[in-house]
>>> print(open('target_29.tsv').read())   # TSV, C-alpha atoms
chain	number	residue	atom	x	y	z
B	1	MET	CA	134.20	89.33	95.63
B	2	THR	CA	135.81	90.54	98.85
B	3	ASP	CA	137.47	93.96	98.68
B	4	PRO	CA	141.16	93.42	99.62
B	5	GLN	CA	141.34	96.83	101.33
B	6	PRO	CA	140.06	97.33	104.89
B	7	SER	CA	136.59	98.80	104.89
B	8	ALA	CA	136.14	102.47	105.69
B	9	LEU	CA	132.61	101.68	106.88
B	10	ILE	CA	131.61	101.25	110.50
B	11	GLN	CA	130.88	97.56	110.90
B	12	ASN	CA	127.35	97.74	112.29
B	13	TYR	CA	126.01	95.28	109.71
B	14	ALA	CA	126.86	91.60	109.30
B	15	ARG	CA	127.00	92.00	105.53
B	16	GLN	CA	127.12	88.95	103.28
B	17	ASP	CA	130.05	88.83	100.86
B	18	ILE	CA	128.00	89.55	97.77
B	19	ALA	CA	127.34	92.81	95.91
B	20	PHE	CA	124.43	93.36	93.55
B	21	VAL	CA	125.07	95.68	90.65
B	22	ARG	CA	121.87	95.59	88.62
B	23	GLY	CA	118.19	94.72	88.92
B	24	GLN	CA	115.16	94.37	86.69
B	25	GLY	CA	111.73	93.43	87.95
B	26	CYS	CA	112.23	90.64	90.48
B	27	THR	CA	115.71	89.71	89.26
B	28	LEU	CA	119.06	90.84	90.67
B	29	TRP	CA	122.54	90.37	89.19
B	30	ASP	CA	125.73	90.29	91.22
B	31	GLU	CA	129.17	91.57	90.15
B	32	SER	CA	130.03	88.20	88.59
B	33	GLY	CA	126.92	88.31	86.39
B	34	ARG	CA	124.97	85.64	88.25
B	35	SER	CA	121.20	86.24	88.50
B	36	TYR	CA	118.94	85.76	91.52
B	37	ILE	CA	115.19	85.83	92.14
B	38	ASP	CA	114.70	88.63	94.64
B	39	ALA	CA	112.09	87.50	97.16
B	40	PHE	CA	113.08	90.08	99.78
B	41	ALA	CA	112.85	93.39	97.87
B	42	GLY	CA	115.33	95.16	100.13
B	43	VAL	CA	113.21	94.29	103.21
B	44	ALA	CA	109.84	95.01	101.54
B	45	VAL	CA	111.08	98.30	100.03
B	46	SER	CA	111.17	97.77	96.25
B	47	ALA	CA	107.41	97.42	95.94
B	48	LEU	CA	107.41	97.78	92.14
B	49	GLY	CA	110.56	95.74	91.65
B	50	HIS	CA	113.82	97.00	90.20
B	51	GLY	CA	113.97	99.38	87.25
B	52	HIS	CA	110.21	99.97	87.02
B	53	PRO	CA	109.85	102.19	83.94
B	54	GLY	CA	107.27	104.55	85.43
B	55	LEU	CA	109.31	104.97	88.58
B	56	VAL	CA	112.55	105.52	86.69
B	57	ALA	CA	110.89	108.10	84.44
B	58	ALA	CA	109.40	110.03	87.36
B	59	ILE	CA	112.68	110.07	89.31
B	60	THR	CA	114.65	111.14	86.24
B	61	ARG	CA	112.18	113.86	85.39
B	62	GLN	CA	112.07	115.25	88.93
B	63	ALA	CA	115.85	115.05	89.42
B	64	SER	CA	116.28	117.05	86.24
B	65	ALA	CA	113.88	119.72	87.50
B	66	LEU	CA	114.41	119.98	91.28
B	67	ALA	CA	115.58	117.29	93.69
B	68	HIS	CA	115.43	119.24	96.93
B	69	ILE	CA	114.09	122.44	98.41
B	70	SER	CA	113.65	123.12	102.10
B	71	ASN	CA	110.41	122.89	104.03
B	72	HIS	CA	110.57	126.65	104.52
B	73	TYR	CA	108.64	126.78	101.25
B	74	ARG	CA	105.54	125.22	99.77
B	75	ILE	CA	106.39	122.03	97.86
B	76	PRO	CA	103.72	121.07	95.30
B	77	GLU	CA	104.93	117.46	95.10
B	78	GLN	CA	104.29	117.11	98.84
B	79	GLU	CA	100.76	118.41	98.50
B	80	ALA	CA	100.00	116.01	95.66
B	81	LEU	CA	101.40	113.03	97.57
B	82	ALA	CA	99.53	113.97	100.74
B	83	ARG	CA	96.25	114.08	98.84
B	84	GLN	CA	96.96	110.60	97.43
B	85	LEU	CA	97.76	109.22	100.89
B	86	VAL	CA	94.67	110.69	102.51
B	87	ALA	CA	92.45	109.37	99.71
B	88	LEU	CA	93.83	105.86	100.29
B	89	THR	CA	93.76	106.03	104.10
B	90	PHE	CA	91.22	108.14	106.02
B	91	PRO	CA	90.36	111.83	106.34
B	92	GLY	CA	93.37	113.36	108.02
B	93	GLN	CA	96.63	115.15	107.39
B	94	VAL	CA	100.08	113.93	106.40
B	95	LEU	CA	103.56	114.54	107.77
B	96	LEU	CA	106.43	113.41	105.54
B	97	CYS	CA	109.83	112.27	106.75
B	98	ASN	CA	112.67	109.98	105.62
B	99	SER	CA	112.18	106.55	107.20
B	100	GLY	CA	110.00	104.25	109.24
B	101	ALA	CA	111.79	105.02	112.48
B	102	GLU	CA	111.23	108.73	111.91
B	103	ALA	CA	107.56	108.13	111.15
B	104	ASN	CA	107.14	106.24	114.41
B	105	GLU	CA	109.13	108.92	116.22
B	106	ALA	CA	106.71	111.57	114.91
B	107	ALA	CA	103.73	109.44	115.96
B	108	LEU	CA	105.21	109.04	119.43
B	109	LYS	CA	105.67	112.80	119.75
B	110	LEU	CA	102.05	113.38	118.68
B	111	VAL	CA	100.87	110.91	121.31
B	112	ARG	CA	102.93	112.75	123.95
B	113	LEU	CA	101.43	116.06	122.84
B	114	TRP	CA	97.96	114.54	123.08
B	115	GLY	CA	98.57	113.56	126.69
B	116	ASN	CA	100.33	116.77	127.71
B	117	VAL	CA	98.52	119.49	125.79
B	118	LYS	CA	94.98	118.15	125.59
B	119	HIS	CA	94.94	116.33	128.92
B	120	ALA	CA	97.25	118.48	131.07
B	121	GLY	CA	99.77	115.68	131.47
B	122	ARG	CA	97.27	113.24	132.94
B	123	LYS	CA	97.82	110.76	130.10
B	124	THR	CA	101.42	109.53	130.23
B	125	ARG	CA	101.43	105.76	129.82
B	126	LEU	CA	102.48	104.18	126.54
B	127	ILE	CA	101.53	100.64	125.51
B	128	ALA	CA	103.28	98.42	122.94
B	129	PHE	CA	103.57	94.64	122.51
B	130	GLN	CA	106.06	91.87	123.05
B	131	GLY	CA	107.78	90.98	119.78
B	132	ALA	CA	107.34	94.52	118.44
B	133	PHE	CA	109.90	96.33	116.30
B	134	HIS	CA	109.28	100.01	115.64
B	135	GLY	CA	112.72	101.36	114.74
B	136	ARG	CA	116.17	102.26	116.04
B	137	THR	CA	115.98	105.90	117.10
B	138	LEU	CA	115.81	106.20	120.88
B	139	GLY	CA	112.11	107.04	120.84
B	140	ALA	CA	111.14	104.31	118.39
B	141	LEU	CA	113.48	101.90	120.17
B	142	SER	CA	111.59	102.49	123.40
B	143	LEU	CA	108.55	100.95	121.67
B	144	THR	CA	110.59	97.92	120.56
B	145	ALA	CA	110.43	94.98	122.93
B	146	ASN	CA	113.52	92.93	122.02
B	147	PRO	CA	116.20	93.28	124.75
B	148	LYS	CA	118.92	92.71	122.13
B	149	TYR	CA	118.07	96.06	120.56
B	150	ARG	CA	117.13	97.91	123.78
B	151	GLU	CA	119.65	97.04	126.47
B	152	PRO	CA	122.80	98.59	124.94
B	153	PHE	CA	121.04	101.99	124.92
B	154	ALA	CA	119.21	101.90	128.27
B	155	PRO	CA	117.67	103.73	130.00
B	156	LEU	CA	114.92	104.40	127.47
B	157	PRO	CA	111.55	106.16	127.83
B	158	VAL	CA	109.18	103.91	129.77
B	159	VAL	CA	106.84	101.78	127.66
B	160	GLU	CA	104.74	98.87	128.90
B	161	PHE	CA	104.84	95.73	126.77
B	162	LEU	CA	101.79	93.47	126.70
B	163	PRO	CA	101.58	89.92	125.33
B	164	PHE	CA	100.85	90.16	121.61
B	165	GLY	CA	97.20	89.36	120.92
B	166	ASP	CA	96.22	88.94	124.58
B	167	VAL	CA	92.78	90.52	125.02
B	168	ALA	CA	92.66	90.10	128.79
B	169	ALA	CA	96.05	91.79	129.21
B	170	ALA	CA	94.93	94.69	127.01
B	171	GLU	CA	91.69	95.12	128.96
B	172	ALA	CA	93.62	95.19	132.23
B	173	ALA	CA	96.32	97.59	131.06
B	174	ILE	CA	94.51	100.18	128.94
B	175	ARG	CA	92.97	102.71	131.33
B	176	ASP	CA	92.25	106.44	131.38
B	177	ASP	CA	95.92	107.35	131.99
B	178	VAL	CA	97.10	105.72	128.74
B	179	ALA	CA	98.19	108.22	126.08
B	180	GLY	CA	98.72	105.81	123.21
B	181	VAL	CA	98.82	102.21	122.03
B	182	PHE	CA	101.26	101.18	119.29
B	183	ILE	CA	100.94	97.96	117.30
B	184	GLU	CA	101.97	96.35	114.03
B	185	PRO	CA	99.05	94.54	112.36
B	186	ILE	CA	101.66	91.91	111.43
B	187	GLN	CA	104.94	91.82	113.32
B	188	GLY	CA	107.40	91.87	110.43
B	189	GLU	CA	110.73	91.83	112.26
B	190	GLY	CA	109.41	89.83	115.19
B	191	GLY	CA	108.67	86.63	113.25
B	192	VAL	CA	105.85	87.55	110.80
B	193	HIS	CA	103.11	87.15	113.40
B	194	PRO	CA	99.66	88.51	112.42
B	195	THR	CA	97.39	89.87	115.11
B	196	PRO	CA	94.65	87.37	116.03
B	197	PRO	CA	91.27	88.08	114.38
B	198	GLY	CA	89.35	90.69	116.34
B	199	PHE	CA	92.32	91.93	118.38
B	200	LEU	CA	92.70	95.22	116.49
B	201	GLY	CA	88.98	95.83	116.97
B	202	LYS	CA	89.30	95.23	120.70
B	203	LEU	CA	92.15	97.75	120.88
B	204	ARG	CA	90.03	100.27	118.99
B	205	GLU	CA	87.20	99.74	121.48
B	206	LEU	CA	89.50	100.15	124.48
B	207	CYS	CA	91.19	103.25	123.10
B	208	ASP	CA	87.83	104.84	122.39
B	209	ARG	CA	86.59	104.01	125.88
B	210	HIS	CA	89.66	105.46	127.62
B	211	GLY	CA	90.56	108.31	125.25
B	212	ALA	CA	93.86	106.83	124.07
B	213	VAL	CA	95.46	107.26	120.65
B	214	LEU	CA	95.64	104.08	118.55
B	215	VAL	CA	98.69	103.93	116.27
B	216	PHE	CA	99.14	101.27	113.60
B	217	ASP	CA	102.73	100.80	112.45
B	218	GLU	CA	102.34	99.85	108.78
B	219	ILE	CA	105.97	100.47	107.86
B	220	GLN	CA	106.29	96.93	106.50
B	221	THR	CA	102.67	95.89	106.00
B	222	GLY	CA	101.37	98.98	104.21
B	223	VAL	CA	101.31	100.23	100.61
B	224	GLY	CA	99.65	97.12	99.21
B	225	ARG	CA	101.95	94.50	100.73
B	226	THR	CA	99.11	92.40	102.22
B	227	GLY	CA	96.63	92.78	99.37
B	228	LYS	CA	95.01	95.93	100.76
B	229	THR	CA	96.50	99.41	100.76
B	230	TRP	CA	96.80	99.05	104.55
B	231	CYS	CA	96.70	95.83	106.51
B	232	TRP	CA	94.12	97.22	108.95
B	233	GLN	CA	91.65	97.47	106.08
B	234	HIS	CA	91.27	93.67	106.13
B	235	GLU	CA	89.41	94.07	109.43
B	236	GLY	CA	87.98	97.55	108.86
B	237	VAL	CA	89.53	98.86	112.07
B	238	GLN	CA	90.70	102.45	111.59
B	239	PRO	CA	93.56	103.85	113.70
B	240	ASP	CA	94.08	107.45	114.77
B	241	ILE	CA	97.57	107.47	113.26
B	242	VAL	CA	99.08	105.18	110.64
B	243	THR	CA	102.82	105.19	109.94
B	244	SER	CA	104.33	104.26	106.59
B	245	ALA	CA	107.72	103.96	104.89
B	246	LYS	CA	109.63	101.09	103.17
B	247	GLY	CA	107.58	100.37	100.02
B	248	LEU	CA	106.16	103.90	99.88
B	249	GLY	CA	109.10	105.27	97.89
B	250	GLY	CA	109.69	102.19	95.75
B	251	GLY	CA	113.39	102.33	96.68
B	252	LEU	CA	113.85	105.98	97.60
B	253	PRO	CA	113.88	106.91	101.30
B	254	ILE	CA	110.59	108.38	102.46
B	255	GLY	CA	108.33	107.93	105.46
B	256	ALA	CA	104.95	109.34	106.37
B	257	ILE	CA	102.28	109.49	109.00
B	258	VAL	CA	98.61	110.06	108.36
B	259	ALA	CA	96.97	111.48	111.48
B	260	ALA	CA	93.39	112.28	112.34
B	261	PRO	CA	92.79	116.06	112.20
B	262	HIS	CA	92.50	116.55	115.98
B	263	LEU	CA	95.97	115.06	116.39
B	264	ALA	CA	97.59	116.58	113.32
B	265	ALA	CA	96.63	120.05	114.58
B	266	LEU	CA	98.93	119.59	117.59
B	267	PHE	CA	102.05	119.88	115.40
B	268	THR	CA	102.22	123.66	115.24
B	269	PRO	CA	105.21	125.41	113.60
B	270	GLY	CA	108.46	124.66	115.40
B	271	LEU	CA	107.35	121.53	117.25
B	272	HIS	CA	108.60	119.03	114.68
B	273	GLY	CA	110.59	119.18	111.46
B	274	THR	CA	112.94	117.56	109.00
B	275	THR	CA	115.49	118.81	106.49
B	276	PHE	CA	115.08	116.14	103.82
B	277	GLY	CA	111.61	114.81	104.61
B	278	GLY	CA	109.17	115.19	101.75
B	279	ASN	CA	111.74	116.40	99.23
B	280	PRO	CA	110.40	116.60	95.65
B	281	LEU	CA	112.44	113.61	94.43
B	282	ALA	CA	111.14	111.15	97.03
B	283	CYS	CA	107.60	112.52	96.65
B	284	ALA	CA	107.70	111.99	92.89
B	285	ALA	CA	108.66	108.36	93.43
B	286	ALA	CA	105.98	107.79	96.07
B	287	GLN	CA	103.29	109.24	93.81
B	288	VAL	CA	104.12	106.60	91.20
B	289	VAL	CA	103.99	103.79	93.77
B	290	LEU	CA	100.60	104.88	95.12
B	291	GLY	CA	99.30	105.38	91.61
B	292	GLU	CA	100.28	101.84	90.66
B	293	ILE	CA	98.73	100.13	93.68
B	294	ALA	CA	95.51	102.09	93.13
B	295	LYS	CA	95.10	100.72	89.60
B	296	PRO	CA	92.26	98.21	89.07
B	297	GLY	CA	93.41	94.66	89.64
B	298	PHE	CA	96.76	95.49	91.25
B	299	LEU	CA	95.85	94.50	94.81
B	300	ALA	CA	93.93	91.47	93.54
B	301	HIS	CA	97.18	90.39	91.88
B	302	VAL	CA	99.02	90.76	95.21
B	303	THR	CA	96.38	88.64	96.94
B	304	ALA	CA	96.49	85.93	94.27
B	305	MET	CA	100.30	85.80	94.18
B	306	GLY	CA	100.42	85.78	97.97
B	307	GLU	CA	98.16	82.75	98.12
B	308	ARG	CA	100.17	80.99	95.41
B	309	LEU	CA	103.36	81.66	97.35
B	310	ARG	CA	101.81	80.50	100.62
B	311	GLN	CA	100.71	77.20	99.09
B	312	GLY	CA	104.10	76.71	97.47
B	313	LEU	CA	105.95	77.35	100.72
B	314	ALA	CA	103.68	74.93	102.59
B	315	THR	CA	104.66	72.25	100.07
B	316	ALA	CA	108.36	73.10	99.99
B	317	PHE	CA	108.65	73.28	103.79
B	318	THR	CA	106.39	70.37	104.72
B	319	GLY	CA	105.40	70.45	108.37
B	320	CYS	CA	106.49	74.08	108.89
B	321	ASP	CA	103.98	76.78	109.77
B	322	VAL	CA	103.57	79.45	107.07
B	323	ARG	CA	102.27	82.77	108.43
B	324	GLY	CA	101.45	86.21	107.12
B	325	LYS	CA	99.22	87.84	104.56
B	326	GLY	CA	99.57	88.73	100.90
B	327	LEU	CA	103.24	89.02	99.94
B	328	LEU	CA	104.57	89.23	103.48
B	329	LEU	CA	105.05	85.63	104.57
B	330	GLY	CA	107.14	83.81	107.14
B	331	VAL	CA	108.09	80.13	107.41
B	332	GLN	CA	108.57	78.88	110.97
B	333	LEU	CA	111.72	76.74	110.94
B	334	ASP	CA	113.16	74.30	113.44
B	335	ARG	CA	116.49	76.17	113.40
B	336	GLU	CA	117.90	79.66	113.05
B	337	PRO	CA	117.20	81.02	109.57
B	338	GLY	CA	120.74	82.02	108.59
B	339	SER	CA	121.64	78.62	107.18
B	340	VAL	CA	118.46	78.56	105.08
B	341	VAL	CA	119.07	82.11	103.80
B	342	ALA	CA	122.56	81.03	102.71
B	343	ALA	CA	121.31	77.82	101.09
B	344	ALA	CA	118.62	79.76	99.23
B	345	ARG	CA	121.21	82.22	97.98
B	346	ALA	CA	123.29	79.32	96.69
B	347	GLU	CA	120.19	78.28	94.71
B	348	GLY	CA	119.80	81.80	93.33
B	349	VAL	CA	117.03	83.12	95.63
B	350	ILE	CA	117.26	86.10	97.98
B	351	VAL	CA	115.21	85.78	101.18
B	352	GLY	CA	115.73	87.07	104.72
B	353	PRO	CA	115.38	86.21	108.39
B	354	SER	CA	112.80	87.34	110.93
B	355	GLY	CA	112.67	86.71	114.64
B	356	ALA	CA	114.56	83.76	116.07
B	357	ASN	CA	113.63	80.95	113.66
B	358	THR	CA	111.60	82.43	110.82
B	359	LEU	CA	112.37	82.72	107.13
B	360	ARG	CA	110.85	85.93	105.72
B	361	LEU	CA	109.68	86.51	102.15
B	362	ALA	CA	108.59	89.94	100.92
B	363	PRO	CA	109.02	90.00	97.13
B	364	ALA	CA	108.07	92.90	94.89
B	365	LEU	CA	104.32	93.24	94.48
B	366	ILE	CA	104.67	92.76	90.72
B	367	ILE	CA	106.05	89.22	91.03
B	368	THR	CA	104.58	86.76	88.53
B	369	ALA	CA	103.21	83.25	88.96
B	370	ALA	CA	106.13	81.82	86.98
B	371	GLU	CA	108.63	83.58	89.25
B	372	ILE	CA	106.86	82.30	92.35
B	373	ASP	CA	106.86	78.73	91.04
B	374	GLU	CA	110.57	78.93	90.24
B	375	LEU	CA	111.58	80.43	93.58
B	376	VAL	CA	109.53	77.81	95.45
B	377	LYS	CA	111.26	75.08	93.44
B	378	ARG	CA	114.67	76.48	94.37
B	379	LEU	CA	113.74	76.92	98.03
B	380	ALA	CA	112.55	73.32	98.14
B	381	ARG	CA	115.96	72.20	96.86
B	382	ALA	CA	117.73	74.36	99.43
B	383	TRP	CA	115.61	73.03	102.31
B	384	ALA	CA	116.01	69.44	101.17
B	385	ALA	CA	119.78	69.84	101.05
B	386	ILE	CA	119.84	71.25	104.58
B	387	ARG	CA	117.57	68.51	105.91
B	388	ALA	CA	119.73	65.84	104.30
B	389	LYS	CA	122.68	67.02	106.41
B	390	THR	CA	120.84	66.78	109.73
>>> encode(input="target_29.tsv", output="structure tokens")
Amino acid sequence: MTDPQPSALIQNYARQDIAFVRGQGCTLWDESGRSYIDAFAGVAVSALGHGHPGLVAAITRQASALAHISNHYRIPEQEALARQLVALTFPGQVLLCNSGAEANEAALKLVRLWGNVKHAGRKTRLIAFQGAFHGRTLGALSLTANPKYREPFAPLPVVEFLPFGDVAAAEAAIRDDVAGVFIEPIQGEGGVHPTPPGFLGKLRELCDRHGAVLVFDEIQTGVGRTGKTWCWQHEGVQPDIVTSAKGLGGGLPIGAIVAAPHLAALFTPGLHGTTFGGNPLACAAAQVVLGEIAKPGFLAHVTAMGERLRQGLATAFTGCDVRGKGLLLGVQLDREPGSVVAAARAEGVIVGPSGANTLRLAPALIITAAEIDELVKRLARAWAAIRAKT
């Protein structure tokens, strides 16, 4: 229901005229009491769904004890979370922050330090890829290829954008003066495009050969979303830095980087910091999320449900390409996705757009087979209704 008073909010979002007031599992309810299957999870954030009892208990318990204390002091919850992250990633050290953009910003600063401190400024070039989206701070935005996001804030730090998945272009561009290479294993915002098989391995080889830092942006693909803790684990290609956020906090804002020790050591006191990053409340939530995805059978469930959803989408959207991995999937449409998002909402399903013509699905990792079958049925009705009008 539209608020009759003018909004006091800056209008930087094209918000839909609907407000959700309650959630449980993969179901949302709006202010009128209508229910929806949530197949978007707040853009892949609510990894354990809404109202997860373990998450609620941990947040309540920590909020009752201590929600925030500054990073001037040792924070036990940070230490515990960092140990969990390292155990699920690779031997390294963790920096905690508040968001994906901040995680990528920290990674970018580490790459700059690598080139300036360890190589006397001889490594200055930065490589990213066409279609990339790494965040909206000026540093992270410089790594983002889409002119729509970049041009209003130009000039930005110089980054070279290569064709996504193009081995020959990577071989030609990555030389000894490159400081770092940034890539999403699956481009989430850019149309749900996975890297071609073997491409991450080629980047690893080139970065090793030329002494460049390889950074995997797993803001959207990490924390179990693709059926592995990290998407790069499907190919066994280990980065030097991995960035994380979104699903890590299960709904609370938190971001993180895990960096190899030789890079992590470059962040000496005073070179980087955050007021809220790694506060006890967000850390308590993230510990629950990581604990859940590490349980036996959890990631196998994500893989099985992802395949069920993929097959259902291929049937519902006959003739459309279905891309992605696990529970991050995109349907390539023959039109802009806004009309399909609206039609799905009318059928009681929440999905989102990606890229120019892609419908994006990123439901909670706990979604059931019955919920997938029902949401596919509703999406099929929505798509059929749209097709009947054209």
>>> closest_residue(input="target_29.tsv", among="B:Phe20, B:Phe182, B:Phe164, B:Phe276", to="Pro194 (chain B)", atoms="all atoms listed in the file")
B:Phe164
>>> residues_near_point(input="target_29.tsv", point="(107.5, 90.1, 103.2)", cutoff="7 Å", atoms="all atoms listed in the file", output="list in words")
Phe40, Ala44, Leu327, Leu328, Leu329, Arg360, Leu361, Ala362 and Pro363 of chain B
>>> residues_around(input="target_29.tsv", residues="Gly224 (chain B)", least_positions_apart="4", cutoff="10 Å", atoms="only C-alpha atoms", output="list of chain:residue names")
B:Ala47, B:Gln220, B:Lys228, B:Thr229, B:Trp230, B:Cys231, B:Gly247, B:Leu248, B:Val289, B:Leu290, B:Glu292, B:Ile293, B:Ala294, B:Phe298, B:Leu299, B:Ala300, B:Val302, B:Thr303, B:Gly326, B:Leu327, B:Leu365
>>> residues_around(input="target_29.tsv", residues="Ser354 (chain B)", least_positions_apart="5", cutoff="9 Å", atoms="all atoms listed in the file", output="PyMOL selection string")
chain B and resi 188-192+330+337+359-360
>>> closest_residue(input="target_29.tsv", among="B:Val178, B:Ala342, B:Ala286, B:Leu141", to="Val223 (chain B)", atoms="only C-alpha atoms")
B:Ala286
>>> atom_distance(input="target_29.tsv", atom1="CA of Gly348 (chain B)", atom2="CA of Val43 (chain B)")
17.2 Å
>>> atom_distance(input="target_29.tsv", atom1="CA of Cys26 (chain B)", atom2="CA of Arg61 (chain B)")
23.8 Å
>>> closest_residue(input="target_29.tsv", among="B:Glu307, B:Leu48, B:Leu66, B:Ala212", to="Leu252 (chain B)", atoms="only C-alpha atoms")
B:Leu48
>>> residues_around(input="target_29.tsv", residues="Val376 (chain B)", least_positions_apart="2", cutoff="7 Å", atoms="all atoms listed in the file", output="ChimeraX atom specification")
/B:312-313,316,372-374,378-380
>>> residues_around(input="target_29.tsv", residues="Ala259 (chain B)", least_positions_apart="5", cutoff="12 Å", atoms="all atoms listed in the file", output="VMD selection string")
chain B and resid 82 85 to 86 89 to 96 103 to 104 106 to 108 110 to 111 213 to 216 238 to 244 264 to 267
>>> atom_distance(input="target_29.tsv", atom1="CA of Gly180 (chain B)", atom2="CA of Gly278 (chain B)")
25.6 Å
>>> closest_residue(input="target_29.tsv", among="B:Cys320, B:Ile69, B:Ala14, B:Ala80", to="Thr274 (chain B)", atoms="all atoms listed in the file")
B:Ile69
>>> residues_around(input="target_29.tsv", residues="Ala369 (chain B)", least_positions_apart="4", cutoff="10 Å", atoms="all atoms listed in the file", output="PDB file with C-alpha atoms, in the coordinates of the input")
ATOM      1  CA  HIS B 301      97.180  90.390  91.880  1.00  0.00           C
ATOM      2  CA  ALA B 304      96.490  85.930  94.270  1.00  0.00           C
ATOM      3  CA  MET B 305     100.300  85.800  94.180  1.00  0.00           C
ATOM      4  CA  GLY B 306     100.420  85.780  97.970  1.00  0.00           C
ATOM      5  CA  ARG B 308     100.170  80.990  95.410  1.00  0.00           C
ATOM      6  CA  LEU B 309     103.360  81.660  97.350  1.00  0.00           C
ATOM      7  CA  ASP B 373     106.860  78.730  91.040  1.00  0.00           C
ATOM      8  CA  GLU B 374     110.570  78.930  90.240  1.00  0.00           C
ATOM      9  CA  LEU B 375     111.580  80.430  93.580  1.00  0.00           C
TER      10      LEU B 375
END
>>> closest_residue(input="target_29.tsv", among="B:Arg345, B:Ala370, B:Leu281, B:Glu205", to="Pro253 (chain B)", atoms="all atoms listed in the file")
B:Leu281
>>> closest_residue(input="target_29.tsv", among="B:Gly250, B:Gly139, B:Gly165, B:Pro280", to="Ala65 (chain B)", atoms="all atoms listed in the file")
B:Pro280
>>> axis_aligned_box(input="target_29.tsv", around="region 292-300 of chain B", padding_each_side="5 Å", output="JSON")
{"center_x": 96.3, "center_y": 96.8, "center_z": 91.9, "size_x": 18.0, "size_y": 20.6, "size_z": 15.7}
